[in-house]
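Q: Right, I'll just put the structure down here and ask away after.
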Amino acid sequence: MCGIAGLIHRGKSSKVGHELQGMLQALKHRGEDSTGYALYGDTDGKNFIMRFKVGENVGEGSTSVAEDVSVYDERKKIVDSYLNEMGAKIIKEERVLPYSLRYEIEYYKKDLLEFSQKIESIPGVEILSMGKSLEVIKDLGNAKMVCDRYNLDKLIGTHAIGHARMATESGVDIKSAHPFWGYPFSDVSVVHNGQLTNYWNNRRALENKGMRFMSECDSELIAVYLAEKMRDGASLEEGMKESLTGLDGVFTYFVATKDSLGMAKDTMAAKPLVLYESDDLVAMGSEEIAIRSILPQEIDTYDPFDGEVKVWQI
Amino acid sequence: MANIKSVSKKTKAQAMGMHTEVLTGRTQQKFFNPDEAENFYYFGTHDVDFNKRTDLDVKDMTAAEANKEIDNLMGQGYGTIVIKNPQGKHSLGVGILNKLNLIFEGSLGYFGMGSCDGPIVRINGRVGWSCAENLMAGKVVIEKNAGSCFGAAIRGGDLICKGSVGARTGIDMKGGTIIIGGDAGAFTGFMMQRGRIIILGDVGINLGDSMYDGTIFVGGEIGSYGSDAVDAELTKSDQDWLKRKLKVAEIGENFDVSKMKKIVAGKKLWNYDNLEPTEKKGAI
């Protein structure tokens, strides 16, 4: 089933980590195999923030194979040496969990493709997000568990999207959890509720064009699909509109960039979405109770129609 | 329900599009007999007094607790119950099988008022997916918007949304009337088998897709027609009925019904008979 939620404050910042946690926790009955956050925090915009993992969570319910922590240490060392080789300077380093790290990096090249390919050439290493505002945090368990584990409650920012996952067609692991980074584009993230039926056809075509897939989760296709469109010069909104015919199946998805948040709904309108819009806040979720977790008072909400694409700016 | 007075106006019902099928051979169709009214009450339902009114705050209740408390209040004879702080909870007000005035001061989540037979309900807010699914009789009025699958598989009663509704409104409906004040999404009337849908605004793609029977009236633009959905002539009888229904529904009272489009089943997809399996074997 899965549940998705998102919010964007217009003209101000807020505790988006806390707010999204409440929204996703309200949707936990839609799936709590894993939960993911894409948070767009207030930063000075100078340095990149890289969230990456050097291993998997092998806790209860995980489909991953356990590894020794020394393996994680070894991978981290190689990441550090590669960063040094590429001229990236680590400004701040935080090892949140043995397998999950957050680096603040000074790096001046704009093309992140070569950078990402080099880092991810290390077996077992995956960049969860790379951006000057975006931080993708995802792990096994429900929204509150992940929020507490990564101390997301106090994160201040302008917008965020998140996902509560019920694993269906791929494993219970971090690599299959949402949100997906719009590799190799800085600050692009995607969450999805639904099922894509032309996943393999699209994946083969996109891999032939040099795009990268890290999981076998069909939802990752949306991030890669949009990234490829933007690489070819399309705007985010143009890419999203093309996806309505380029992607087959049933879907509602959110995509966020450094300064915007968008939603798209397939032409069958088979997956739910409820929207609330005001002058200073847009909130959306698979169910109204997600929005009510941050706006308990009576509000006007609506369901977007089939084939609808909307994008909001901060 | 027991209020049905007569079933003798078959000709008018057929003229209105309520019964258009031509049945041959054996039929299982049964009409209501007023002499058997006592058989149309459910076990475990309540006789309530509409003048006996109370409030119920469900803010800190689960849906199951709230529904149980509504049942408890009906058992005490309360005929008018006002629900405070529903806050988008799912499955509120389901399974009410007797007459009741029920007022929600706020919005409902999914499956609100499902499987009901008889209550008069006003929701001063929005409803999520599958509102009033399987409604048998009664009236449900939504003051704001509604999600998808609005009135799925209803058999009777009036279901009114003053705002706009999502996709697949009236999917598989087998009777009753759905009235929409705003727009409706894709696949409205998908596989409907009987009953009527009125949409004053625009409607999305695949309207009336694979409908078996029933009638859809549209006041605005139609995205596209579904398979086997065709235009039909809007008769004077239709217009009179539409005017009356919109007035009762407190919606679009001054709407010019003469310009509405009427959509019915083309019946080209009909590919079934009404023989029992054993009879089919005999025929073979």
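Chain labels A, B, ... are given in the sequence in which chains occur in the structure tokens; within each chain residues are numbered consecutively from 1, and ligands are likewise numbered from 1 in the order shown.
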Could you list the residues in chain A lying within 12 Å of chain B, using only C-alpha atoms, and format the result as a PyMOL selection string?

A: chain A and resi 26-27+29+265-276+285-308

Q: What does the file look like for those residues with C-alpha atoms, as a PDB file, in the first residue's frame?

A:
```
ATOM      1  CA  ALA A  26      -0.362   9.102  10.983  1.00  0.00           C
ATOM      2  CA  LEU A  27       0.082   6.952   7.871  1.00  0.00           C
ATOM      3  CA  HIS A  29      -0.950   1.700   8.938  1.00  0.00           C
ATOM      4  CA  LYS A 265      -1.195  11.684 -10.391  1.00  0.00           C
ATOM      5  CA  ASP A 266      -1.687   9.049 -13.075  1.00  0.00           C
ATOM      6  CA  THR A 267      -4.504   9.224 -15.603  1.00  0.00           C
ATOM      7  CA  MET A 268      -6.466   6.476 -13.836  1.00  0.00           C
ATOM      8  CA  ALA A 269      -6.351   8.386 -10.517  1.00  0.00           C
ATOM      9  CA  ALA A 270      -6.002   5.024  -8.852  1.00  0.00           C
ATOM     10  CA  LYS A 271      -3.837   6.144  -5.956  1.00  0.00           C
ATOM     11  CA  PRO A 272      -5.070   8.515  -3.292  1.00  0.00           C
ATOM     12  CA  LEU A 273      -3.935  12.033  -2.536  1.00  0.00           C
ATOM     13  CA  VAL A 274      -5.464  14.765  -0.433  1.00  0.00           C
ATOM     14  CA  LEU A 275      -4.280  18.347  -0.756  1.00  0.00           C
ATOM     15  CA  TYR A 276      -4.474  21.412   1.440  1.00  0.00           C
ATOM     16  CA  GLY A 285      -0.746  13.154   1.968  1.00  0.00           C
ATOM     17  CA  SER A 286      -2.248   9.824   1.008  1.00  0.00           C
ATOM     18  CA  GLU A 287      -4.921  10.398   3.617  1.00  0.00           C
ATOM     19  CA  GLU A 288      -6.400  13.453   5.274  1.00  0.00           C
ATOM     20  CA  ILE A 289      -5.298  12.290   8.718  1.00  0.00           C
ATOM     21  CA  ALA A 290      -1.704  13.005   7.675  1.00  0.00           C
ATOM     22  CA  ILE A 291      -2.575  16.670   7.111  1.00  0.00           C
ATOM     23  CA  ARG A 292      -4.641  16.769  10.290  1.00  0.00           C
ATOM     24  CA  SER A 293      -1.584  15.816  12.306  1.00  0.00           C
ATOM     25  CA  ILE A 294      -0.236  19.320  11.663  1.00  0.00           C
ATOM     26  CA  LEU A 295      -3.533  21.143  11.101  1.00  0.00           C
ATOM     27  CA  PRO A 296      -6.059  19.731  13.567  1.00  0.00           C
ATOM     28  CA  GLN A 297      -8.586  22.520  12.967  1.00  0.00           C
ATOM     29  CA  GLU A 298     -11.280  22.242  10.293  1.00  0.00           C
ATOM     30  CA  ILE A 299      -9.719  22.956   6.892  1.00  0.00           C
ATOM     31  CA  ASP A 300     -10.681  22.771   3.227  1.00  0.00           C
ATOM     32  CA  THR A 301      -8.989  19.932   1.379  1.00  0.00           C
ATOM     33  CA  TYR A 302      -9.509  18.288  -1.995  1.00  0.00           C
ATOM     34  CA  ASP A 303      -8.401  15.386  -4.157  1.00  0.00           C
ATOM     35  CA  PRO A 304      -6.415  16.339  -7.277  1.00  0.00           C
ATOM     36  CA  PHE A 305      -7.967  14.904 -10.435  1.00  0.00           C
ATOM     37  CA  ASP A 306      -6.571  12.260 -12.777  1.00  0.00           C
ATOM     38  CA  GLY A 307      -3.533  13.285 -14.800  1.00  0.00           C
ATOM     39  CA  GLU A 308      -2.924  16.365 -12.678  1.00  0.00           C
TER      40      GLU A 308
END
```

Q: For Asp47 in chain B, list every protein, DNA or RNA residue within 9 Å, evaluated using only C-alpha atoms, and leave out those in the same chain fewer than 2 positions away; present the list as a list in words.

A: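 So, after excluding close chain neighbours, the residues are Thr45, Asp49, Met74, Gly75, Gly77, Tyr78, Gly79, Asn98 and Lys99 of chain B.
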
Q: What is the CA of Val58 in chain A to CA of Asp173 in chain A distance in Å?

A: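 If I compute the distance from CA of Val58 in chain A to CA of Asp173 in chain A, I get 8.0 Å.
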
Q: Among the residues of range 65-162 of chain A, find those DSSP assigns to alpha helix (DSSP H) from the backbone and print them as number ranges by chain.

A: A: 69-85, 112-120, 143-150

Q: Quick one: residues within 8 Å of Gly151 in chain B, only C-alpha atoms counted, chain neighbours fewer than 3 positions away excluded, as a PyMOL selection string?

A: chain B and resi 130-135+154+159+169-171+173+178

Q: How would the residues just chosen look if you wrote them out with N, CA and C atoms as a PDB file, in the first residue's frame?

A:
```pdb
ATOM      1  N   SER B 130     -14.406   6.404  -0.857  1.00  0.00           N
ATOM      2  CA  SER B 130     -15.459   5.406  -0.623  1.00  0.00           C
ATOM      3  C   SER B 130     -16.480   5.833   0.412  1.00  0.00           C
ATOM      4  N   CYS B 131     -16.904   7.080   0.355  1.00  0.00           N
ATOM      5  CA  CYS B 131     -17.946   7.530   1.284  1.00  0.00           C
ATOM      6  C   CYS B 131     -19.274   6.862   0.933  1.00  0.00           C
ATOM      7  N   ALA B 132     -19.983   6.431   1.949  1.00  0.00           N
ATOM      8  CA  ALA B 132     -21.329   5.845   1.807  1.00  0.00           C
ATOM      9  C   ALA B 132     -21.349   4.620   0.892  1.00  0.00           C
ATOM     10  N   GLU B 133     -20.286   3.883   0.863  1.00  0.00           N
ATOM     11  CA  GLU B 133     -20.248   2.672   0.046  1.00  0.00           C
ATOM     12  C   GLU B 133     -21.380   1.736   0.471  1.00  0.00           C
ATOM     13  N   ASN B 134     -22.042   1.152  -0.501  1.00  0.00           N
ATOM     14  CA  ASN B 134     -23.139   0.200  -0.240  1.00  0.00           C
ATOM     15  C   ASN B 134     -24.337   0.811   0.479  1.00  0.00           C
ATOM     16  N   LEU B 135     -24.547   2.092   0.362  1.00  0.00           N
ATOM     17  CA  LEU B 135     -25.727   2.719   0.980  1.00  0.00           C
ATOM     18  C   LEU B 135     -26.998   2.064   0.427  1.00  0.00           C
ATOM     19  N   ILE B 154     -23.631   1.718  -4.310  1.00  0.00           N
ATOM     20  CA  ILE B 154     -24.848   2.013  -3.535  1.00  0.00           C
ATOM     21  C   ILE B 154     -26.056   1.347  -4.199  1.00  0.00           C
ATOM     22  N   LEU B 159     -27.202  10.514  -2.267  1.00  0.00           N
ATOM     23  CA  LEU B 159     -25.854  10.854  -1.828  1.00  0.00           C
ATOM     24  C   LEU B 159     -25.478  12.159  -2.521  1.00  0.00           C
ATOM     25  N   THR B 169     -16.587   7.812  -9.251  1.00  0.00           N
ATOM     26  CA  THR B 169     -17.817   8.083  -8.502  1.00  0.00           C
ATOM     27  C   THR B 169     -18.928   7.165  -8.999  1.00  0.00           C
ATOM     28  N   GLY B 170     -19.629   6.545  -8.069  1.00  0.00           N
ATOM     29  CA  GLY B 170     -20.749   5.674  -8.448  1.00  0.00           C
ATOM     30  C   GLY B 170     -20.327   4.394  -9.121  1.00  0.00           C
ATOM     31  N   ILE B 171     -19.079   3.984  -8.912  1.00  0.00           N
ATOM     32  CA  ILE B 171     -18.617   2.725  -9.506  1.00  0.00           C
ATOM     33  C   ILE B 171     -19.496   1.585  -9.010  1.00  0.00           C
ATOM     34  N   MET B 173     -22.569   1.104  -9.007  1.00  0.00           N
ATOM     35  CA  MET B 173     -23.794   1.425  -8.256  1.00  0.00           C
ATOM     36  C   MET B 173     -24.990   0.652  -8.827  1.00  0.00           C
ATOM     37  N   ILE B 178     -26.868   9.849  -7.000  1.00  0.00           N
ATOM     38  CA  ILE B 178     -25.689  10.594  -6.551  1.00  0.00           C
ATOM     39  C   ILE B 178     -25.752  11.966  -7.217  1.00  0.00           C
TER      40      ILE B 178
END
```

Q: Residues at most 8 Å from Asn193 in chain A, counting only C-alpha atoms, excluding those fewer than 3 positions away in the same chain, as JSON, numbers by chain?

A: {"A": [1, 2, 3, 4, 219, 251, 252, 253, 271]}

Q: One number please: CA of Ile103 in chain B to CA of Phe150 in chain B, in Å, one decimal.

A: 18.6 Å

Q: Tell me, as a list in words, which residues lie within 8 Å of range 147-160 of chain A, counting only C-alpha atoms; anything in the same chain fewer than 2 positions away does not count.

A: Gly6, Leu7, Ile8, His9, Arg10, Lys12, Ser13, Ser14, Lys15, Val16, Gly17, His18, Leu20, Gln21, Tyr37, Ala38, Leu39, Tyr40, Gly41, Asp42, Val96, Ile137, Ala143, Lys144, Met145, Gly162, Ala256, Leu261 and Ile314 of chain A

Q: Give me, as JSON, numbers by chain, all polymer residues having an atom no more than 7 Å from Gln193 in chain B, counting only C-alpha atoms and skipping those fewer than 4 positions away in the same chain.

A: {"B": [172, 173, 174, 211, 212, 213, 214]}

Q: Would you mind reading off the distance between CA of Thr54 in chain B and CA of Ile81 in chain B, one decimal, in Å?

A: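 Taking CA of Thr54 in chain B and CA of Ile81 in chain B, their separation equals 5.2 Å.
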
Q: Could you pull out the strand (DSSP E or B) residues of range 88-156 of chain B, going by DSSP on the backbone, and write them as a VMD selection string?

A: chain B and resid 101 to 105 117 to 123 127 137 to 142 146

Q: Let me see the file: selected residues, C-alpha atoms, as a short mmCIF file (atom, residue, chain, number, x, y, z; two decimals), in the first residue's frame.

A:
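Saved file part-v9.cif follows:
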```
data_model
loop_
_atom_site.label_atom_id
_atom_site.label_comp_id
_atom_site.auth_asym_id
_atom_site.auth_seq_id
_atom_site.Cartn_x
_atom_site.Cartn_y
_atom_site.Cartn_z
CA ASN B 101 -30.25 12.27 12.17
CA LEU B 102 -26.49 12.28 12.23
CA ILE B 103 -24.45 15.47 11.91
CA PHE B 104 -20.68 15.55 11.63
CA GLU B 105 -19.04 18.84 12.61
CA ASP B 117 -29.55 1.76 5.54
CA GLY B 118 -31.78 4.63 6.58
CA PRO B 119 -29.94 7.48 8.33
CA ILE B 120 -30.11 11.13 7.31
CA VAL B 121 -26.54 12.41 7.52
CA ARG B 122 -25.00 15.84 7.11
CA ILE B 123 -21.23 16.17 7.00
CA VAL B 127 -15.04 13.03 3.03
CA ALA B 137 -31.41 3.97 1.87
CA GLY B 138 -31.30 7.37 3.54
CA LYS B 139 -29.60 10.62 2.64
CA VAL B 140 -26.00 11.71 3.02
CA VAL B 141 -25.09 15.35 2.36
CA ILE B 142 -21.46 16.49 2.17
CA ALA B 146 -15.27 14.14 -1.59
#
```
